[in-house]
file model_7.cif (mmCIF, C-alpha atoms and all ligand atoms)
data_protein
#
loop_
_atom_site.group_PDB
_atom_site.id
_atom_site.type_symbol
_atom_site.label_atom_id
_atom_site.label_comp_id
_atom_site.auth_asym_id
_atom_site.auth_seq_id
_atom_site.Cartn_x
_atom_site.Cartn_y
_atom_site.Cartn_z
ATOM 1 C CA MET A 1 3.963 8.267 15.800
ATOM 2 C CA ILE A 2 4.683 9.929 12.458
ATOM 3 C CA VAL A 3 3.638 8.622 9.039
ATOM 4 C CA VAL A 4 5.904 9.802 6.224
ATOM 5 C CA ARG A 5 4.361 9.850 2.773
ATOM 6 C CA GLY A 6 7.030 8.747 0.316
ATOM 7 C CA PRO A 7 7.076 10.204 -3.213
ATOM 8 C CA SER A 8 5.598 7.104 -4.884
ATOM 9 C CA ASP A 9 2.407 7.049 -2.802
ATOM 10 C CA GLU A 10 -0.230 8.643 -5.041
ATOM 11 C CA THR A 11 -3.354 6.808 -3.880
ATOM 12 C CA GLY A 12 -4.026 8.400 -0.499
ATOM 13 C CA PHE A 13 -2.707 5.302 1.291
ATOM 14 C CA SER A 14 -0.510 7.338 3.685
ATOM 15 C CA GLU A 15 -3.341 9.706 4.621
ATOM 16 C CA SER A 16 -5.673 6.808 5.332
ATOM 17 C CA LEU A 17 -2.966 4.933 7.270
ATOM 18 C CA ALA A 18 -2.154 8.004 9.394
ATOM 19 C CA ARG A 19 -5.862 8.476 10.140
ATOM 20 C CA SER A 20 -6.263 4.839 11.181
ATOM 21 C CA LEU A 21 -3.110 4.968 13.324
ATOM 22 C CA GLY A 22 -3.990 8.342 14.850
ATOM 23 C CA ALA A 23 -0.565 9.551 13.693
ATOM 24 C CA GLU A 24 0.775 12.832 12.296
ATOM 25 C CA LEU A 25 1.290 12.852 8.512
ATOM 26 C CA VAL A 26 4.446 14.355 7.011
ATOM 27 C CA GLU A 27 5.201 14.564 3.314
ATOM 28 C CA ALA A 28 8.759 13.662 2.292
ATOM 29 C CA GLU A 29 10.588 16.202 0.162
ATOM 30 C CA HIS A 30 11.819 14.711 -3.067
ATOM 31 C CA LYS A 31 13.762 15.658 -6.152
ATOM 32 C CA LEU A 32 15.946 14.044 -8.768
ATOM 33 C CA PHE A 33 19.508 15.184 -9.308
ATOM 34 C CA PRO A 34 20.462 15.955 -12.925
ATOM 35 C CA ASP A 35 22.142 12.538 -13.237
ATOM 36 C CA GLY A 36 18.963 10.737 -12.121
ATOM 37 C CA GLU A 37 19.846 9.996 -8.484
ATOM 38 C CA SER A 38 17.088 10.511 -5.926
ATOM 39 C CA TYR A 39 17.139 13.049 -3.103
ATOM 40 C CA VAL A 40 14.698 12.734 -0.187
ATOM 41 C CA ARG A 41 14.284 14.601 3.097
ATOM 42 C CA VAL A 42 11.824 14.282 5.961
ATOM 43 C CA PRO A 43 11.013 17.810 7.138
ATOM 44 C CA ALA A 44 10.046 16.982 10.740
ATOM 45 C CA ASP A 45 11.586 16.323 14.151
ATOM 46 C CA LEU A 46 11.664 12.514 14.311
ATOM 47 C CA ARG A 47 13.626 12.129 17.569
ATOM 48 C CA GLY A 48 12.120 9.436 19.778
ATOM 49 C CA GLU A 49 9.206 8.845 17.384
ATOM 50 C CA THR A 50 7.989 5.653 15.785
ATOM 51 C CA VAL A 51 8.292 6.573 12.114
ATOM 52 C CA VAL A 52 6.180 4.785 9.524
ATOM 53 C CA VAL A 53 7.508 5.334 6.004
ATOM 54 C CA VAL A 54 5.050 4.596 3.181
ATOM 55 C CA GLN A 55 6.508 3.953 -0.270
ATOM 56 C CA PRO A 56 4.901 1.514 -2.734
ATOM 57 C CA THR A 57 7.521 0.000 -5.010
ATOM 58 C CA TYR A 58 5.787 -0.302 -8.388
ATOM 59 C CA TYR A 59 7.425 0.967 -11.621
ATOM 60 C CA PRO A 60 10.137 2.302 -11.562
ATOM 61 C CA GLN A 61 10.671 -0.384 -8.931
ATOM 62 C CA ASP A 62 14.384 0.109 -8.430
ATOM 63 C CA LYS A 63 14.116 3.870 -7.913
ATOM 64 C CA ASN A 64 11.154 3.485 -5.565
ATOM 65 C CA LEU A 65 12.952 0.797 -3.553
ATOM 66 C CA VAL A 66 16.058 2.943 -3.191
ATOM 67 C CA GLU A 67 13.924 5.889 -2.042
ATOM 68 C CA LEU A 68 12.333 3.658 0.608
ATOM 69 C CA MET A 69 15.832 2.777 1.795
ATOM 70 C CA LEU A 70 16.884 6.447 1.811
ATOM 71 C CA LEU A 71 13.795 7.417 3.825
ATOM 72 C CA ALA A 72 14.465 4.634 6.336
ATOM 73 C CA ASP A 73 18.061 5.764 6.637
ATOM 74 C CA ALA A 74 16.922 9.371 7.127
ATOM 75 C CA ALA A 75 14.510 8.291 9.879
ATOM 76 C CA ARG A 76 17.184 6.239 11.637
ATOM 77 C CA GLY A 77 19.742 8.995 11.309
ATOM 78 C CA SER A 78 17.289 11.561 12.691
ATOM 79 C CA GLY A 79 16.810 9.610 15.926
ATOM 80 C CA ALA A 80 13.538 7.731 15.307
ATOM 81 C CA SER A 81 12.970 5.193 18.065
ATOM 82 C CA ARG A 82 11.604 2.680 15.557
ATOM 83 C CA VAL A 83 11.295 2.598 11.785
ATOM 84 C CA VAL A 84 8.385 0.818 10.116
ATOM 85 C CA GLY A 85 8.593 0.519 6.328
ATOM 86 C CA VAL A 86 5.302 0.136 4.477
ATOM 87 C CA ALA A 87 5.539 -0.993 0.863
ATOM 88 C CA PRO A 88 1.838 -1.561 0.059
ATOM 89 C CA TYR A 89 3.053 -3.092 -3.197
ATOM 90 C CA LEU A 90 6.406 -4.815 -2.750
ATOM 91 C CA ALA A 91 8.412 -5.386 -5.916
ATOM 92 C CA TYR A 92 10.287 -8.573 -6.785
ATOM 93 C CA THR A 93 7.958 -10.884 -4.838
ATOM 94 C CA ARG A 94 7.352 -13.115 -7.850
ATOM 95 C CA GLN A 95 11.021 -14.130 -8.038
ATOM 96 C CA ASP A 96 10.781 -15.904 -4.690
ATOM 97 C CA LYS A 97 12.787 -18.951 -5.718
ATOM 98 C CA VAL A 98 15.344 -20.096 -8.244
ATOM 99 C CA PHE A 99 13.263 -21.241 -11.221
ATOM 100 C CA ARG A 100 16.286 -21.754 -13.504
ATOM 101 C CA PRO A 101 19.871 -22.347 -12.356
ATOM 102 C CA GLY A 102 21.829 -19.142 -12.026
ATOM 103 C CA GLU A 103 18.899 -16.941 -11.001
ATOM 104 C CA PRO A 104 18.758 -14.951 -7.750
ATOM 105 C CA VAL A 105 16.054 -15.169 -5.113
ATOM 106 C CA SER A 106 15.332 -11.519 -5.846
ATOM 107 C CA ILE A 107 12.930 -10.922 -2.985
ATOM 108 C CA ARG A 108 15.541 -12.186 -0.511
ATOM 109 C CA ALA A 109 18.104 -9.642 -1.755
ATOM 110 C CA VAL A 110 15.504 -6.844 -1.590
ATOM 111 C CA LEU A 111 14.376 -7.706 1.929
ATOM 112 C CA ARG A 112 17.931 -7.892 3.246
ATOM 113 C CA ALA A 113 18.750 -4.500 1.712
ATOM 114 C CA LEU A 114 15.651 -2.891 3.248
ATOM 115 C CA HIS A 115 16.577 -4.197 6.687
ATOM 116 C CA ALA A 116 20.198 -3.060 6.323
ATOM 117 C CA SER A 117 19.013 0.465 5.491
ATOM 118 C CA GLY A 118 17.084 0.762 8.749
ATOM 119 C CA VAL A 119 13.640 -0.806 8.251
ATOM 120 C CA GLU A 120 13.008 -2.802 11.436
ATOM 121 C CA VAL A 121 9.365 -3.690 10.810
ATOM 122 C CA LEU A 122 8.205 -4.146 7.219
ATOM 123 C CA ALA A 123 4.551 -4.225 6.228
ATOM 124 C CA THR A 124 3.228 -5.132 2.817
ATOM 125 C CA VAL A 125 -0.145 -6.090 1.408
ATOM 126 C CA GLU A 126 -0.976 -9.560 0.136
ATOM 127 C CA PRO A 127 2.506 -10.946 -0.558
ATOM 128 C CA HIS A 128 2.721 -13.267 -3.560
ATOM 129 C CA SER A 129 3.655 -16.357 -1.535
ATOM 130 C CA LYS A 130 3.410 -17.226 2.141
ATOM 131 C CA GLY A 131 7.069 -17.933 2.906
ATOM 132 C CA GLU A 132 8.848 -15.153 1.073
ATOM 133 C CA LEU A 133 8.746 -12.573 3.862
ATOM 134 C CA GLY A 134 10.683 -15.094 5.967
ATOM 135 C CA HIS A 135 13.781 -13.710 4.231
ATOM 136 C CA PHE A 136 13.350 -10.380 6.072
ATOM 137 C CA PRO A 137 15.743 -10.297 9.035
ATOM 138 C CA GLY A 138 13.361 -8.117 11.113
ATOM 139 C CA LYS A 139 9.621 -8.401 11.727
ATOM 140 C CA ALA A 140 7.633 -8.678 8.497
ATOM 141 C CA LEU A 141 3.875 -8.289 8.155
ATOM 142 C CA GLY A 142 2.156 -9.661 5.070
ATOM 143 C CA VAL A 143 -1.344 -8.288 5.430
ATOM 144 C CA GLY A 144 -3.923 -10.406 3.625
ATOM 145 C CA VAL A 145 -6.841 -8.303 2.371
ATOM 146 C CA MET A 146 -9.027 -10.726 0.421
ATOM 147 C CA ARG A 147 -11.669 -10.969 3.156
ATOM 148 C CA TYR A 148 -11.607 -7.202 3.650
ATOM 149 C CA MET A 149 -12.023 -6.504 -0.075
ATOM 150 C CA ALA A 150 -14.786 -9.121 -0.365
ATOM 151 C CA ALA A 151 -16.746 -7.487 2.440
ATOM 152 C CA LYS A 152 -16.397 -4.062 0.797
ATOM 153 C CA LEU A 153 -17.494 -5.397 -2.615
ATOM 154 C CA SER A 154 -20.239 -7.679 -1.357
ATOM 155 C CA PRO A 155 -23.153 -5.231 -1.875
ATOM 156 C CA ARG A 156 -22.300 -5.085 -5.606
ATOM 157 C CA LEU A 157 -22.119 -8.860 -6.131
ATOM 158 C CA HIS A 158 -24.973 -11.307 -6.742
ATOM 159 C CA ASP A 159 -24.417 -14.929 -5.719
ATOM 160 C CA PRO A 160 -21.053 -14.993 -7.532
ATOM 161 C CA LEU A 161 -18.814 -17.923 -8.380
ATOM 162 C CA VAL A 162 -15.348 -16.945 -7.110
ATOM 163 C CA LEU A 163 -12.431 -18.297 -9.141
ATOM 164 C CA SER A 164 -8.687 -18.249 -8.873
ATOM 165 C CA PRO A 165 -6.973 -18.298 -12.273
ATOM 166 C CA ASP A 166 -4.588 -20.965 -10.902
ATOM 167 C CA LEU A 167 -4.189 -23.506 -8.129
ATOM 168 C CA GLY A 168 -1.525 -21.360 -6.431
ATOM 169 C CA GLY A 169 -4.072 -18.621 -5.766
ATOM 170 C CA VAL A 170 -6.933 -20.842 -4.646
ATOM 171 C CA GLU A 171 -6.464 -19.828 -1.007
ATOM 172 C CA ARG A 172 -7.238 -16.223 -1.982
ATOM 173 C CA ALA A 173 -10.380 -17.344 -3.808
ATOM 174 C CA ARG A 174 -11.383 -19.357 -0.742
ATOM 175 C CA GLU A 175 -10.899 -16.404 1.609
ATOM 176 C CA PHE A 176 -12.809 -14.058 -0.698
ATOM 177 C CA ALA A 177 -15.639 -16.562 -1.169
ATOM 178 C CA GLU A 178 -15.919 -17.498 2.503
ATOM 179 C CA ALA A 179 -16.219 -13.850 3.520
ATOM 180 C CA ILE A 180 -19.374 -13.497 1.420
ATOM 181 C CA GLY A 181 -20.687 -17.069 1.550
ATOM 182 C CA ALA A 182 -19.995 -17.817 -2.139
ATOM 183 C CA ASP A 183 -18.734 -20.882 -4.106
ATOM 184 C CA PHE A 184 -15.116 -21.007 -5.209
ATOM 185 C CA ASP A 185 -12.883 -22.993 -7.553
ATOM 186 C CA TYR A 186 -9.772 -22.567 -9.722
ATOM 187 C CA LEU A 187 -8.626 -22.773 -13.311
ATOM 188 C CA GLU A 188 -5.498 -24.637 -14.387
ATOM 189 C CA LYS A 189 -2.770 -22.406 -15.824
ATOM 190 C CA HIS A 190 0.669 -23.002 -17.275
ATOM 191 C CA ARG A 191 3.281 -20.292 -17.727
ATOM 192 C CA ASP A 192 6.299 -20.970 -19.943
ATOM 193 C CA ARG A 193 9.249 -19.684 -17.891
ATOM 194 C CA VAL A 194 11.276 -18.884 -20.985
ATOM 195 C CA THR A 195 8.746 -17.203 -23.272
ATOM 196 C CA GLY A 196 6.400 -16.025 -20.503
ATOM 197 C CA GLU A 197 3.418 -17.292 -22.533
ATOM 198 C CA VAL A 198 0.379 -18.300 -20.478
ATOM 199 C CA SER A 199 -2.040 -21.030 -21.472
ATOM 200 C CA MET A 200 -4.983 -22.433 -19.543
ATOM 201 C CA ARG A 201 -6.297 -25.957 -19.602
ATOM 202 C CA PRO A 202 -10.084 -25.911 -19.525
ATOM 203 C CA LYS A 203 -11.535 -27.279 -16.310
ATOM 204 C CA THR A 204 -15.142 -28.365 -15.773
ATOM 205 C CA LEU A 205 -16.639 -25.307 -14.169
ATOM 206 C CA ASP A 206 -20.253 -24.463 -14.046
ATOM 207 C CA ALA A 207 -19.902 -20.793 -14.811
ATOM 208 C CA SER A 208 -22.860 -20.795 -17.142
ATOM 209 C CA GLY A 209 -25.399 -18.131 -16.233
ATOM 210 C CA ARG A 210 -23.339 -17.115 -13.185
ATOM 211 C CA GLU A 211 -21.713 -13.886 -12.160
ATOM 212 C CA VAL A 212 -18.006 -14.771 -11.909
ATOM 213 C CA VAL A 213 -15.439 -12.994 -9.772
ATOM 214 C CA ILE A 214 -11.859 -13.849 -10.723
ATOM 215 C CA VAL A 215 -9.453 -13.001 -7.920
ATOM 216 C CA ASP A 216 -5.664 -12.742 -8.192
ATOM 217 C CA ASP A 217 -2.911 -11.022 -6.261
ATOM 218 C CA ILE A 218 -1.465 -9.204 -9.273
ATOM 219 C CA ILE A 219 -2.659 -8.163 -12.700
ATOM 220 C CA SER A 220 0.463 -7.296 -14.672
ATOM 221 C CA THR A 221 0.098 -7.650 -18.439
ATOM 222 C CA GLY A 222 -3.508 -8.760 -17.956
ATOM 223 C CA GLY A 223 -2.781 -11.953 -19.911
ATOM 224 C CA THR A 224 -3.838 -14.341 -17.136
ATOM 225 C CA MET A 225 -7.018 -12.464 -16.302
ATOM 226 C CA ALA A 226 -7.996 -11.852 -19.936
ATOM 227 C CA LEU A 227 -7.541 -15.520 -20.785
ATOM 228 C CA ALA A 228 -9.611 -16.620 -17.790
ATOM 229 C CA ALA A 229 -12.338 -14.088 -18.545
ATOM 230 C CA ARG A 230 -12.530 -15.100 -22.207
ATOM 231 C CA LEU A 231 -12.752 -18.764 -21.259
ATOM 232 C CA LEU A 232 -15.487 -18.183 -18.715
ATOM 233 C CA LEU A 233 -17.546 -15.869 -20.901
ATOM 234 C CA GLY A 234 -17.231 -18.556 -23.587
ATOM 235 C CA GLN A 235 -18.707 -21.017 -21.089
ATOM 236 C CA GLY A 236 -21.703 -18.725 -20.651
ATOM 237 C CA ALA A 237 -20.759 -16.673 -17.601
ATOM 238 C CA LYS A 238 -23.216 -13.801 -17.225
ATOM 239 C CA ARG A 239 -20.698 -11.201 -16.023
ATOM 240 C CA VAL A 240 -17.011 -11.262 -15.128
ATOM 241 C CA VAL A 241 -15.563 -9.035 -12.418
ATOM 242 C CA ALA A 242 -11.753 -8.984 -12.173
ATOM 243 C CA VAL A 243 -10.513 -8.433 -8.629
ATOM 244 C CA CYS A 244 -6.852 -8.076 -7.776
ATOM 245 C CA VAL A 245 -4.828 -6.560 -5.006
ATOM 246 C CA HIS A 246 -2.000 -5.040 -7.032
ATOM 247 C CA ALA A 247 -3.133 -3.662 -10.394
ATOM 248 C CA LEU A 248 0.165 -3.114 -12.184
ATOM 249 C CA LEU A 249 -1.763 -3.069 -15.486
ATOM 250 C CA VAL A 250 1.296 -2.746 -17.675
ATOM 251 C CA GLY A 251 0.845 -1.105 -21.095
ATOM 252 C CA ASP A 252 -2.593 -1.783 -22.593
ATOM 253 C CA ALA A 253 -3.564 -4.367 -19.944
ATOM 254 C CA TYR A 254 -6.697 -2.494 -18.839
ATOM 255 C CA ALA A 255 -7.928 -2.128 -22.445
ATOM 256 C CA LYS A 256 -7.192 -5.840 -22.989
ATOM 257 C CA LEU A 257 -9.474 -6.760 -20.070
ATOM 258 C CA LYS A 258 -12.267 -4.526 -21.298
ATOM 259 C CA THR A 259 -11.887 -5.895 -24.857
ATOM 260 C CA VAL A 260 -12.449 -9.502 -23.773
ATOM 261 C CA GLY A 261 -15.567 -8.401 -21.883
ATOM 262 C CA VAL A 262 -14.506 -7.950 -18.236
ATOM 263 C CA ASP A 263 -17.289 -5.847 -16.759
ATOM 264 C CA GLU A 264 -15.461 -4.335 -13.777
ATOM 265 C CA VAL A 265 -11.847 -4.217 -12.626
ATOM 266 C CA VAL A 266 -11.338 -3.769 -8.891
ATOM 267 C CA ALA A 267 -8.006 -3.333 -7.098
ATOM 268 C CA ALA A 268 -6.625 -2.303 -3.733
ATOM 269 C CA ASN A 269 -5.007 1.136 -3.417
ATOM 270 C CA THR A 270 -1.487 -0.279 -3.150
ATOM 271 C CA LEU A 271 -0.424 1.593 -6.304
ATOM 272 C CA PRO A 272 -1.957 4.082 -8.751
ATOM 273 C CA THR A 273 -4.406 2.647 -11.285
ATOM 274 C CA PRO A 274 -5.863 3.939 -14.582
ATOM 275 C CA PRO A 275 -9.253 5.661 -14.640
ATOM 276 C CA GLY A 276 -12.042 3.084 -14.654
ATOM 277 C CA VAL A 277 -10.467 0.773 -12.071
ATOM 278 C CA GLN A 278 -12.429 0.752 -8.803
ATOM 279 C CA GLN A 279 -10.109 1.123 -5.816
ATOM 280 C CA VAL A 280 -10.630 -0.329 -2.347
ATOM 281 C CA ASP A 281 -8.721 1.438 0.449
ATOM 282 C CA VAL A 282 -6.847 -1.276 2.335
ATOM 283 C CA ALA A 283 -4.852 1.003 4.659
ATOM 284 C CA PRO A 284 -7.167 0.274 7.657
ATOM 285 C CA PRO A 285 -6.252 -3.462 7.904
ATOM 286 C CA VAL A 286 -2.578 -2.542 7.462
ATOM 287 C CA ALA A 287 -2.905 -0.067 10.333
ATOM 288 C CA ASP A 288 -4.493 -2.796 12.485
ATOM 289 C CA ALA A 289 -1.573 -5.150 11.778
ATOM 290 C CA ILE A 290 0.987 -2.439 12.599
ATOM 291 C CA LYS A 291 -0.815 -1.533 15.841
ATOM 292 C CA GLU A 292 -0.871 -5.167 16.856
ATOM 293 C CA VAL A 293 2.825 -5.767 16.254
ATOM 294 C CA LEU A 294 3.947 -2.485 17.850
ATOM 295 C CA GLY A 295 1.662 -3.065 20.799
ATOM 296 C CA SER A 296 3.109 -6.500 21.357
ATOM 297 C CA GLY A 297 6.744 -5.382 20.935
HETATM 298 C C1 LIG B 1 1.148 -15.278 -10.931
HETATM 299 O O1 LIG B 1 1.565 -16.228 -10.273
HETATM 300 C C2 LIG B 1 0.341 -14.173 -10.334
HETATM 301 O O2 LIG B 1 -0.471 -14.606 -9.272
HETATM 302 C C3 LIG B 1 -0.502 -13.494 -11.387
HETATM 303 O O3 LIG B 1 -1.434 -14.444 -11.900
HETATM 304 C C4 LIG B 1 0.343 -12.978 -12.516
HETATM 305 O O4 LIG B 1 1.400 -12.219 -12.016
HETATM 306 C C5 LIG B 1 -0.465 -12.142 -13.471
HETATM 307 O O5 LIG B 1 0.368 -11.718 -14.503
HETATM 308 P P1 LIG B 1 -0.210 -11.249 -15.902
HETATM 309 O O6 LIG B 1 -1.257 -10.195 -15.633
HETATM 310 O O7 LIG B 1 0.983 -10.698 -16.629
HETATM 311 O O8 LIG B 1 -0.768 -12.445 -16.578
#

call {"tool": "encode", "arguments": {"input": "model_7.cif", "output": "structure tokens", "more": "lines below"}}
Ligand code: R5P
result
Amino acid sequence: MIVVRGPSDETGFSESLARSLGAELVEAEHKLFPDGESYVRVPADLRGETVVVVQPTYYPQDKNLVELMLLADAARGSGASRVVGVAPYLAYTRQDKVFRPGEPVSIRAVLRALHASGVEVLATVEPHSKGELGHFPGKALGVGVMRYMAAKLSPRLHDPLVLSPDLGGVERAREFAEAIGADFDYLEKHRDRVTGEVSMRPKTLDASGREVVIVDDIISTGGTMALAARLLLGQGAKRVVAVCVHALLVGDAYAKLKTVGVDEVVAANTLPTPPGVQQVDVAPPVADAIKEVLGSG
């Protein structure tokens, strides 16, 4: 088995994955042509090998997605026996349905394109919704890591109240809380689909005097997390820890979280994060899921 580190992996995910899989690690060659097109090459003999291509698809999403497709095509064309695509962060997962007439189901288009380019097994971490990977024509693995992250963070937490910023994410809060024997609940959120503005209806939560861990799959602009943190600190929470899987942290999002008083920001290593964010390496559970599916196929 060969793990290919794609150009967008800057967090050591590929190295950790290769170690956990007991596989050889190869770094993809990469350059941009003068007109902006990507060039990739896998400098290894891939004939007869299971090839695992790692390429998180954060910003610039479209370029990183195309490079994942090019790497899969290169692996197929070089005689790999099987191609596994690993997008620790998979772009376009939040457009998983038509919210307004005339919109695409973006994740469906992305998953079909990945499969057509040669990805037979696709692994990603903590997909936004349960059903969306069902659009992938091959075998898709959505590796949940809330329990894993909770266990890793547990020594630093003190009888926390675990909260999801919305009802949609309450399952993640439950998994995180159950792994460490903590209480959990959710806040009610509303996002205006046209303006993107987020508001939160106050809910009766006894956060007063408690350490609060807010868990979400994604922190993008930081608006959701900052609002939740401000609300909870206003209700007397002792300390707020923001935990997410995919820390996109667009623009000044990290500063925004620190400004409202978030004590710690923790994320998985599915994409690069700014200094100050604590990273949890989640490649080992991804390796376990890949081993299981390859072993059974
Ligand atoms: C939404 O459904 C997601 O789970 C996150 O809550 C959301 O993507 C966070 O976005 P932002 O950081 O921009 O508020």

call {"tool": "closest_atom_pairs", "arguments": {"input": "model_7.cif", "of": "chain A", "to": "ligand LIG 1 (chain B)", "cutoff": "6 Å", "atoms": "only C-alpha atoms and all ligand atoms", "output": "JSON lines"}}
result
{"residue": "A:Asp216", "atom": "CA", "partner": "B:LIG1", "partner_atom": "O2", "distance": 5.6}
{"residue": "A:Asp217", "atom": "CA", "partner": "B:LIG1", "partner_atom": "O2", "distance": 5.3}
{"residue": "A:Ile218", "atom": "CA", "partner": "B:LIG1", "partner_atom": "C3", "distance": 4.9}
{"residue": "A:Ile219", "atom": "CA", "partner": "B:LIG1", "partner_atom": "O6", "distance": 3.8}
{"residue": "A:Ser220", "atom": "CA", "partner": "B:LIG1", "partner_atom": "O6", "distance": 3.5}
{"residue": "A:Thr221", "atom": "CA", "partner": "B:LIG1", "partner_atom": "O7", "distance": 3.7}
{"residue": "A:Gly222", "atom": "CA", "partner": "B:LIG1", "partner_atom": "O6", "distance": 3.5}
{"residue": "A:Gly223", "atom": "CA", "partner": "B:LIG1", "partner_atom": "O8", "distance": 3.9}
{"residue": "A:Thr224", "atom": "CA", "partner": "B:LIG1", "partner_atom": "O8", "distance": 3.7}

call {"tool": "atom_distance", "arguments": {"input": "model_7.cif", "atom1": "atom CA of Ser81 of chain A", "atom2": "atom CA of Gly48 of chain A"}}
result
4.7 Å

call {"tool": "atom_distance", "arguments": {"input": "model_7.cif", "atom1": "atom CA of Val280 of chain A", "atom2": "atom CA of Val3 of chain A"}}
result
20.3 Å

call {"tool": "closest_residue", "arguments": {"input": "model_7.cif", "among": "A:Val245, A:Ala226, A:Val262, A:Val98", "to": "Val212 of chain A", "atoms": "all atoms listed in the file"}}
result
A:Val262

call {"tool": "residues_around", "arguments": {"input": "model_7.cif", "residues": "Pro43 of chain A", "least_positions_apart": "3", "cutoff": "8 Å", "atoms": "all atoms listed in the file", "output": "list in words"}}
result
Val26, Glu27, Ala28 and Glu29 of chain A

call {"tool": "closest_residue", "arguments": {"input": "model_7.cif", "among": "A:Ala283, A:Ala247, A:Met225, A:Leu122", "to": "Leu17 of chain A", "atoms": "only C-alpha atoms"}}
result
A:Ala283

call {"tool": "residues_around", "arguments": {"input": "model_7.cif", "residues": "segment 34-39 of chain A", "least_positions_apart": "2", "cutoff": "12 Å", "atoms": "all atoms listed in the file", "output": "JSON list (two decimals) with C-alpha atoms, in the coordinates of the input"}}
result
[["chain", "number", "residue", "atom", "x", "y", "z"],
["A", 6, "GLY", "CA", 7.03, 8.75, 0.32],
["A", 7, "PRO", "CA", 7.08, 10.20, -3.21],
["A", 28, "ALA", "CA", 8.76, 13.66, 2.29],
["A", 29, "GLU", "CA", 10.59, 16.20, 0.16],
["A", 30, "HIS", "CA", 11.82, 14.71, -3.07],
["A", 31, "LYS", "CA", 13.76, 15.66, -6.15],
["A", 32, "LEU", "CA", 15.95, 14.04, -8.77],
["A", 41, "ARG", "CA", 14.28, 14.60, 3.10],
["A", 42, "VAL", "CA", 11.82, 14.28, 5.96],
["A", 62, "ASP", "CA", 14.38, 0.11, -8.43],
["A", 63, "LYS", "CA", 14.12, 3.87, -7.91],
["A", 64, "ASN", "CA", 11.15, 3.48, -5.56],
["A", 65, "LEU", "CA", 12.95, 0.80, -3.55],
["A", 66, "VAL", "CA", 16.06, 2.94, -3.19],
["A", 67, "GLU", "CA", 13.92, 5.89, -2.04],
["A", 68, "LEU", "CA", 12.33, 3.66, 0.61],
["A", 69, "MET", "CA", 15.83, 2.78, 1.80],
["A", 70, "LEU", "CA", 16.88, 6.45, 1.81],
["A", 71, "LEU", "CA", 13.80, 7.42, 3.82],
["A", 74, "ALA", "CA", 16.92, 9.37, 7.13]]

call {"tool": "residues_around", "arguments": {"input": "model_7.cif", "residues": "Val121 of chain A", "least_positions_apart": "3", "cutoff": "12 Å", "atoms": "all atoms listed in the file", "output": "PyMOL selection string"}}
result
chain A and resi 50-53+72+82-87+111+114-118+124+133+136-142+289-294+297

call {"tool": "write_last_selection", "arguments": {"input": "model_7.cif", "atoms": "C-alpha atoms", "output": "PDB file, keeping the file's coordinate frame"}}
result
ATOM      1  CA  THR A  50       7.989   5.653  15.785  1.00  0.00           C
ATOM      2  CA  VAL A  51       8.292   6.573  12.114  1.00  0.00           C
ATOM      3  CA  VAL A  52       6.180   4.785   9.524  1.00  0.00           C
ATOM      4  CA  VAL A  53       7.508   5.334   6.004  1.00  0.00           C
ATOM      5  CA  ALA A  72      14.465   4.634   6.336  1.00  0.00           C
ATOM      6  CA  ARG A  82      11.604   2.680  15.557  1.00  0.00           C
ATOM      7  CA  VAL A  83      11.295   2.598  11.785  1.00  0.00           C
ATOM      8  CA  VAL A  84       8.385   0.818  10.116  1.00  0.00           C
ATOM      9  CA  GLY A  85       8.593   0.519   6.328  1.00  0.00           C
ATOM     10  CA  VAL A  86       5.302   0.136   4.477  1.00  0.00           C
ATOM     11  CA  ALA A  87       5.539  -0.993   0.863  1.00  0.00           C
ATOM     12  CA  LEU A 111      14.376  -7.706   1.929  1.00  0.00           C
ATOM     13  CA  LEU A 114      15.651  -2.891   3.248  1.00  0.00           C
ATOM     14  CA  HIS A 115      16.577  -4.197   6.687  1.00  0.00           C
ATOM     15  CA  ALA A 116      20.198  -3.060   6.323  1.00  0.00           C
ATOM     16  CA  SER A 117      19.013   0.465   5.491  1.00  0.00           C
ATOM     17  CA  GLY A 118      17.084   0.762   8.749  1.00  0.00           C
ATOM     18  CA  THR A 124       3.228  -5.132   2.817  1.00  0.00           C
ATOM     19  CA  LEU A 133       8.746 -12.573   3.862  1.00  0.00           C
ATOM     20  CA  PHE A 136      13.350 -10.380   6.072  1.00  0.00           C
ATOM     21  CA  PRO A 137      15.743 -10.297   9.035  1.00  0.00           C
ATOM     22  CA  GLY A 138      13.361  -8.117  11.113  1.00  0.00           C
ATOM     23  CA  LYS A 139       9.621  -8.401  11.727  1.00  0.00           C
ATOM     24  CA  ALA A 140       7.633  -8.678   8.497  1.00  0.00           C
ATOM     25  CA  LEU A 141       3.875  -8.289   8.155  1.00  0.00           C
ATOM     26  CA  GLY A 142       2.156  -9.661   5.070  1.00  0.00           C
ATOM     27  CA  ALA A 289      -1.573  -5.150  11.778  1.00  0.00           C
ATOM     28  CA  ILE A 290       0.987  -2.439  12.599  1.00  0.00           C
ATOM     29  CA  LYS A 291      -0.815  -1.533  15.841  1.00  0.00           C
ATOM     30  CA  GLU A 292      -0.871  -5.167  16.856  1.00  0.00           C
ATOM     31  CA  VAL A 293       2.825  -5.767  16.254  1.00  0.00           C
ATOM     32  CA  LEU A 294       3.947  -2.485  17.850  1.00  0.00           C
ATOM     33  CA  GLY A 297       6.744  -5.382  20.935  1.00  0.00           C
TER      34      GLY A 297
END
